[in-house]
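Participant: Structure file work_1.txt (compact mmCIF, C-alpha atoms) is given on the next line.
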```txt
# COMPACT_ATOMS: atom_id res chain seq x y z
CA ALA A 1 147.04 102.03 62.38
CA GLN A 2 150.50 100.76 61.70
CA THR A 3 152.89 100.15 64.57
CA VAL A 4 156.59 99.32 64.61
CA THR A 5 158.20 97.59 67.59
CA GLN A 6 161.85 97.24 68.44
CA SER A 7 162.08 94.95 71.44
CA GLN A 8 165.76 95.58 72.22
CA PRO A 9 166.37 99.01 73.80
CA GLU A 10 170.13 98.35 73.88
CA MET A 11 172.51 95.93 72.25
CA SER A 12 176.25 95.55 72.38
CA VAL A 13 178.67 93.80 70.06
CA GLN A 14 182.38 93.20 69.98
CA GLU A 15 184.25 94.92 67.19
CA ALA A 16 184.47 92.67 64.09
CA GLU A 17 181.61 90.47 65.30
CA THR A 18 178.06 90.22 63.94
CA VAL A 19 174.94 91.59 65.58
CA THR A 20 171.25 91.38 64.70
CA LEU A 21 168.71 94.04 65.62
CA SER A 22 165.05 93.02 65.74
CA CYS A 23 162.01 94.80 64.38
CA THR A 24 158.41 93.74 64.04
CA TYR A 25 155.53 95.70 62.60
CA ASP A 26 151.81 95.47 62.36
CA THR A 27 149.91 96.31 59.19
CA SER A 28 146.99 95.03 57.17
CA GLU A 29 148.48 96.43 53.96
CA SER A 30 150.52 94.50 51.41
CA ASP A 31 152.41 97.25 49.59
CA TYR A 32 154.83 99.17 51.77
CA TYR A 33 158.46 100.00 52.43
CA LEU A 34 160.60 99.20 55.42
CA PHE A 35 163.73 101.07 56.43
CA TRP A 36 166.54 101.00 58.92
CA TYR A 37 167.87 104.42 59.88
CA LYS A 38 171.01 105.07 61.91
CA GLN A 39 171.34 108.10 64.19
CA PRO A 40 174.85 108.59 65.59
CA PRO A 41 175.60 111.13 68.32
CA SER A 42 176.04 113.70 65.56
CA ARG A 43 172.21 113.54 65.37
CA GLN A 44 171.67 113.15 61.64
CA MET A 45 169.40 110.29 60.67
CA ILE A 46 171.07 108.30 57.92
CA LEU A 47 169.37 105.64 55.82
CA VAL A 48 171.12 102.30 56.26
CA ILE A 49 168.97 100.01 54.16
CA ARG A 50 165.59 99.85 52.44
CA GLN A 51 163.27 96.95 51.60
CA GLU A 52 160.26 96.98 49.31
CA ALA A 53 157.56 94.63 50.59
CA TYR A 54 156.86 93.21 47.14
CA LYS A 55 160.45 91.99 46.81
CA GLN A 56 161.14 88.56 48.22
CA GLN A 57 164.89 89.00 48.08
CA ASN A 58 166.42 90.45 51.22
CA ALA A 59 168.15 93.79 50.77
CA THR A 60 171.90 94.03 51.28
CA GLU A 61 174.19 97.05 51.55
CA ASN A 62 177.82 96.10 52.12
CA ARG A 63 178.06 94.91 55.76
CA PHE A 64 174.34 95.49 56.38
CA SER A 65 171.64 93.02 55.42
CA VAL A 66 168.07 92.38 56.41
CA ASN A 67 165.99 89.30 57.09
CA PHE A 68 162.54 90.23 55.80
CA GLN A 69 159.81 87.82 56.80
CA LYS A 70 156.60 89.29 55.36
CA ALA A 71 154.20 86.71 56.75
CA ALA A 72 155.70 87.06 60.21
CA LYS A 73 155.91 90.88 59.81
CA SER A 74 159.51 90.81 60.88
CA PHE A 75 162.38 92.94 59.56
CA SER A 76 165.68 92.37 61.34
CA LEU A 77 168.98 94.09 60.56
CA LYS A 78 172.25 92.18 60.55
CA ILE A 79 175.50 94.08 60.85
CA SER A 80 178.55 92.02 59.96
CA ASP A 81 182.15 92.85 60.88
CA SER A 82 180.97 95.54 63.31
CA GLN A 83 183.00 98.70 63.45
CA LEU A 84 183.32 101.37 66.12
CA GLY A 85 181.57 103.77 63.78
CA ASP A 86 178.48 101.58 63.80
CA ALA A 87 177.72 102.69 67.36
CA ALA A 88 174.47 104.65 67.17
CA MET A 89 170.71 104.55 67.68
CA TYR A 90 169.05 102.40 65.05
CA PHE A 91 165.43 103.02 64.11
CA CYS A 92 163.26 100.67 62.12
CA ALA A 93 160.59 102.47 60.08
CA TYR A 94 157.57 101.67 57.93
CA ARG A 95 155.93 103.61 55.12
CA LEU A 96 152.83 102.70 53.18
CA ASN A 97 153.27 102.92 49.42
CA ASN A 98 150.51 105.25 48.40
CA ALA A 99 149.94 108.96 48.29
CA GLY A 100 150.45 109.17 52.03
CA ASN A 101 153.57 110.63 53.60
CA MET A 102 153.58 108.98 56.98
CA LEU A 103 156.77 107.30 58.15
CA THR A 104 156.22 105.31 61.34
CA PHE A 105 159.27 104.71 63.53
CA GLY A 106 160.00 102.04 66.08
CA GLY A 107 161.28 103.00 69.51
CA GLY A 108 164.92 102.54 68.58
CA THR A 109 167.80 100.29 69.62
CA ARG A 110 171.03 101.73 70.98
CA LEU A 111 173.96 99.76 69.63
CA MET A 112 177.25 99.87 71.48
CA VAL A 113 180.41 98.51 69.85
CA LYS A 114 183.18 97.31 72.16
CA PRO A 115 186.78 97.59 70.97
CA ASP B 1 173.71 117.98 46.38
CA THR B 2 172.11 115.37 48.62
CA GLU B 3 171.84 117.48 51.73
CA VAL B 4 169.14 118.86 53.90
CA THR B 5 170.53 121.90 55.70
CA GLN B 6 169.08 123.13 58.96
CA THR B 7 169.84 126.36 60.79
CA PRO B 8 170.53 127.16 63.50
CA LYS B 9 172.12 124.01 64.92
CA HIS B 10 171.46 125.22 68.46
CA LEU B 11 168.89 127.68 69.74
CA VAL B 12 168.17 128.88 73.26
CA MET B 13 165.07 130.99 73.75
CA GLY B 14 162.86 132.31 76.47
CA MET B 15 159.18 131.57 76.69
CA THR B 16 158.27 135.01 75.37
CA ASN B 17 160.64 135.02 72.42
CA LYS B 18 159.81 134.58 68.76
CA LYS B 19 162.30 132.61 66.72
CA SER B 20 162.38 130.51 63.56
CA LEU B 21 164.02 127.30 62.46
CA LYS B 22 164.99 127.00 58.81
CA CYS B 23 165.41 124.05 56.52
CA GLU B 24 166.66 124.01 52.93
CA GLN B 25 167.14 121.32 50.29
CA HIS B 26 168.10 121.54 46.63
CA MET B 27 167.34 117.98 45.60
CA GLY B 28 164.07 118.86 43.91
CA HIS B 29 162.12 117.10 46.64
CA ARG B 30 158.47 118.11 46.85
CA ALA B 31 157.60 116.68 50.28
CA MET B 32 159.13 118.26 53.37
CA TYR B 33 158.69 117.32 56.98
CA TRP B 34 159.19 118.62 60.51
CA TYR B 35 159.81 116.09 63.25
CA LYS B 36 160.31 116.61 66.98
CA GLN B 37 162.64 114.25 68.81
CA LYS B 38 163.12 113.95 72.54
CA ALA B 39 166.21 112.27 73.97
CA LYS B 40 166.37 108.51 73.40
CA LYS B 41 163.01 108.54 71.63
CA PRO B 42 162.05 108.15 67.98
CA PRO B 43 161.16 111.22 65.95
CA GLU B 44 157.53 112.34 66.19
CA LEU B 45 155.92 113.77 63.09
CA MET B 46 154.71 117.37 63.38
CA PHE B 47 153.98 118.63 59.88
CA VAL B 48 154.21 117.52 56.26
CA TYR B 49 154.22 119.80 53.25
CA SER B 50 153.50 118.23 49.88
CA TYR B 51 154.06 120.42 46.82
CA GLU B 52 154.26 123.47 49.11
CA LYS B 53 150.87 122.76 50.66
CA LEU B 54 150.38 121.63 54.24
CA SER B 55 149.13 118.07 53.97
CA ILE B 56 149.57 116.76 57.51
CA ASN B 57 149.37 118.56 60.85
CA GLU B 58 149.67 116.09 63.69
CA SER B 59 147.64 118.16 66.16
CA VAL B 60 150.61 120.37 66.91
CA PRO B 61 149.98 123.36 69.25
CA SER B 62 149.58 126.69 67.50
CA ARG B 63 152.74 128.04 69.13
CA PHE B 64 154.46 126.10 66.33
CA SER B 65 153.71 127.60 62.93
CA PRO B 66 155.14 126.02 59.77
CA GLU B 67 155.72 127.83 56.52
CA CYS B 68 156.82 126.61 53.11
CA PRO B 69 157.75 129.70 51.04
CA ASN B 70 158.91 127.64 48.06
CA SER B 71 159.82 124.11 47.09
CA SER B 72 163.31 124.36 48.60
CA LEU B 73 162.58 126.02 51.93
CA LEU B 74 160.71 125.04 55.04
CA ASN B 75 160.45 127.19 58.16
CA LEU B 76 159.14 126.52 61.62
CA HIS B 77 158.14 129.67 63.48
CA LEU B 78 158.23 129.46 67.25
CA HIS B 79 156.34 131.69 69.67
CA ALA B 80 155.49 131.46 73.36
CA LEU B 81 157.06 128.05 73.73
CA GLN B 82 157.12 126.02 76.91
CA PRO B 83 160.14 124.33 78.53
CA GLU B 84 158.70 120.93 77.52
CA ASP B 85 159.12 122.00 73.89
CA SER B 86 162.86 121.66 74.32
CA ALA B 87 163.92 118.95 71.87
CA LEU B 88 165.79 118.21 68.66
CA TYR B 89 163.80 119.40 65.66
CA LEU B 90 164.51 117.45 62.51
CA CYS B 91 163.68 118.47 58.98
CA ALA B 92 163.40 115.88 56.25
CA SER B 93 162.51 115.77 52.59
CA ARG B 94 161.35 113.19 50.09
CA LEU B 95 161.17 113.20 46.31
CA GLY B 96 157.42 113.02 45.90
CA GLN B 97 154.48 110.71 45.59
CA ALA B 98 155.82 107.84 43.54
CA ASN B 99 159.30 106.89 44.68
CA THR B 100 161.08 104.63 47.11
CA GLY B 101 159.78 106.50 50.08
CA GLU B 102 163.19 107.33 51.50
CA LEU B 103 163.42 110.45 53.66
CA PHE B 104 166.57 112.52 53.74
CA PHE B 105 167.15 114.16 57.12
CA GLY B 106 169.00 117.25 58.21
CA GLU B 107 171.25 117.31 61.27
CA GLY B 108 168.56 118.94 63.34
CA SER B 109 168.20 122.08 65.41
CA ARG B 110 168.59 121.54 69.14
CA LEU B 111 166.12 123.84 70.87
CA THR B 112 166.25 124.77 74.55
CA VAL B 113 163.38 126.76 76.02
CA LEU B 114 164.17 128.46 79.31
```
Would you mind writing the structure in this file as structure tokens?

Facilitator:
Amino acid sequence: AQTVTQSQPEMSVQEAETVTLSCTYDTSESDYYLFWYKQPPSRQMILVIRQEAYKQQNATENRFSVNFQKAAKSFSLKISDSQLGDAAMYFCAYRLNNAGNMLTFGGGTRLMVKP
Amino acid sequence: DTEVTQTPKHLVMGMTNKKSLKCEQHMGHRAMYWYKQKAKKPPELMFVYSYEKLSINESVPSRFSPECPNSSLLNLHLHALQPEDSALYLCASRLGQANTGELFFGEGSRLTVL
């Protein structure tokens, strides 16, 4: 079974600074997707960034980028120029790329942004 | 339209009540999900419908009854719930079998069972 681990229950960052959230996962598969979802107090889960395992290049979306280390099964999220609106719960998630529909979440990291 | 719409946003019910949560999407997605989320915890998968057929039931108690009347709608019927069932219930959808795997989530229905 696949597992996703986020070892940092809480993180804080100063506004405009950079923060990195950690995620590791365990799988014996080679073809899968990894995601970072953001859940602000408004409750809606919003996709931040997506990485296909077969791609060596790290995904980037504006201020958000990942460091994908497939051999180490590590998938960290870097947020640059942090903004107050980045404060939220961040969930790392894994999905196998086959006919299955399972999305496995990590335990989440609460990010606080200090003005 | 890139939204998943859930109603109601808040629901308070007694243990003997019967109520339903509704979820709607018009993105043409053929996989729809119900998740349960407790405070400060990740979402836990309850049910998955794929092409309007129940494909995954994660051993959910029978007091939760899902229904997928058509490709755009997903219901969760609630009956004889317990206080520990109080949680945020999230609906999500995904395009289908062969795609990026991204789930689109609704804002959730916050359920309180008295």

Participant: With a cut-off of 10 Å, could you pull out the residues of chain B touching chain A and give me the nearest pair of atoms for each, distance in Å to one decimal, using only C-alpha atoms, ordered by chain and ascending number, as CSV?

Facilitator:
```
residue,atom,partner,partner_atom,distance
B:Val4,CA,A:Gln44,CA,9.9
B:Ala31,CA,A:Asn101,CA,8.0
B:Met32,CA,A:Asn101,CA,9.4
B:Tyr33,CA,A:Asn101,CA,9.1
B:Lys40,CA,A:Gly108,CA,7.8
B:Lys41,CA,A:Gly107,CA,6.2
B:Pro42,CA,A:Gly107,CA,5.4
B:Pro43,CA,A:Phe105,CA,7.2
B:Glu44,CA,A:Phe105,CA,8.3
B:Leu45,CA,A:Met102,CA,8.1
B:Val48,CA,A:Asn101,CA,7.4
B:Tyr49,CA,A:Asn101,CA,9.2
B:Ser50,CA,A:Asn101,CA,8.5
B:Ser55,CA,A:Asn101,CA,8.7
B:Ile56,CA,A:Asn101,CA,8.3
B:Leu88,CA,A:Arg43,CA,8.6
B:Leu90,CA,A:Gln44,CA,8.4
B:Cys91,CA,A:Gln44,CA,10.0
B:Ala92,CA,A:Met45,CA,9.3
B:Arg94,CA,A:Asn101,CA,8.9
B:Gly96,CA,A:Ala99,CA,8.8
B:Gln97,CA,A:Ala99,CA,5.6
B:Ala98,CA,A:Ala99,CA,7.6
B:Asn99,CA,A:Asn97,CA,8.6
B:Thr100,CA,A:Tyr33,CA,7.5
B:Gly101,CA,A:Arg95,CA,7.0
B:Glu102,CA,A:Leu47,CA,7.7
B:Leu103,CA,A:Leu47,CA,8.0
B:Phe104,CA,A:Ile46,CA,7.5
B:Phe105,CA,A:Met45,CA,5.7
B:Gly106,CA,A:Gln44,CA,6.0
B:Glu107,CA,A:Gln44,CA,4.2
B:Gly108,CA,A:Gln44,CA,6.8
B:Ser109,CA,A:Arg43,CA,9.4
B:Arg110,CA,A:Arg43,CA,9.6
```

Participant: Show which residues sit within 10 Å of Pro66 of chain B, as a list in words. Count all atoms listed in the file, and ignore same-chain residues fewer than 3 positions away.

Facilitator: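 Within the cut-off, the hits are Ser20, Leu21, Lys22, Tyr33, Trp34, Met46, Phe47, Val48, Tyr49, Leu54, Asn57, Ser62, Arg63, Pro69, Leu74, Asn75, Leu76, His77 and Leu78 of chain B.
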
Participant: Residues within 12 Å of Ala16 of chain A, please, as number ranges by chain. Count only C-alpha atoms; anything in the same chain fewer than 4 positions from it doesn't count.

Facilitator: A: 63, 79-86, 113-115

Participant: Given the point (176.0, 86.8, 62.1) in the coordinates of this file, which residues lie within 7 Å, counting all atoms listed in the file, and how would they look as a PyMOL selection string?

Facilitator: chain A and resi 18-19+78+80

Participant: Counting all atoms listed in the file, figure out which residue out of A:Glu29, A:Gln8, A:Cys23, A:Ala88 gets nearest to Phe68 of chain A.

Facilitator: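 Using all atoms listed in the file, the shortest distance to Phe68 of chain A belongs to A:Cys23.
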
Participant: Excluding Gly28 of chain B and its own-chain neighbours fewer than 6 positions away, which residues fall within 8 Å of it when counting all atoms listed in the file? Please give them as a list of chain:residue names.

Facilitator: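 Counting only the stated atoms, we get B:Ser71, B:Ser72, B:Leu95.
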
Participant: One decimal, Å: what's the distance from atom CA of His10 of chain B over to atom CA of His29 of chain B, could you say?

Facilitator: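 Computing the Euclidean distance for atom CA of His10 of chain B and atom CA of His29 of chain B yields 25.1 Å.
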
Participant: Hey, can you check how far atom CA of Thr3 of chain A sits from atom CA of Tyr25 of chain A?

Facilitator: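 Atom CA of Tyr25 of chain A lies at a distance of 5.5 Å from atom CA of Thr3 of chain A.
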
Participant: For atom CA of Glu15 of chain A and atom CA of Lys38 of chain A, quote the distance in Å rounded to one decimal.

Facilitator: 17.5 Å

Participant: Which of these, B:Leu114, B:Cys23, B:Cys68, B:Leu73, has the shortest distance to Asp85 of chain B once you count all atoms listed in the file?

Facilitator: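 Under the stated criterion, the closest residue is B:Leu114.
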
Participant: Quick one: residues within 10 Å of Gln82 of chain B, only C-alpha atoms, excluding same-chain residues fewer than 3 positions away - as a short mmCIF file (atom, residue, chain, number, x, y, z; two decimals) with C-alpha atoms, keeping the file's coordinate frame?

Facilitator:
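For reference, out26.cif as written:
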```
data_model
loop_
_atom_site.label_atom_id
_atom_site.label_comp_id
_atom_site.auth_asym_id
_atom_site.auth_seq_id
_atom_site.Cartn_x
_atom_site.Cartn_y
_atom_site.Cartn_z
CA MET B 13 165.07 130.99 73.75
CA GLY B 14 162.86 132.31 76.47
CA MET B 15 159.18 131.57 76.69
CA THR B 16 158.27 135.01 75.37
CA ARG B 63 152.74 128.04 69.13
CA HIS B 79 156.34 131.69 69.67
CA ASP B 85 159.12 122.00 73.89
CA SER B 86 162.86 121.66 74.32
CA THR B 112 166.25 124.77 74.55
CA VAL B 113 163.38 126.76 76.02
CA LEU B 114 164.17 128.46 79.31
#
```

Participant: If I put a ball of radius 8 Å at (177.3, 99.6, 73.6) in the file's coordinates, which residues poke into it when counting all atoms listed in the file, written as an MDAnalysis selection string?

Facilitator: chainID A and resid 10:13 87 110:114
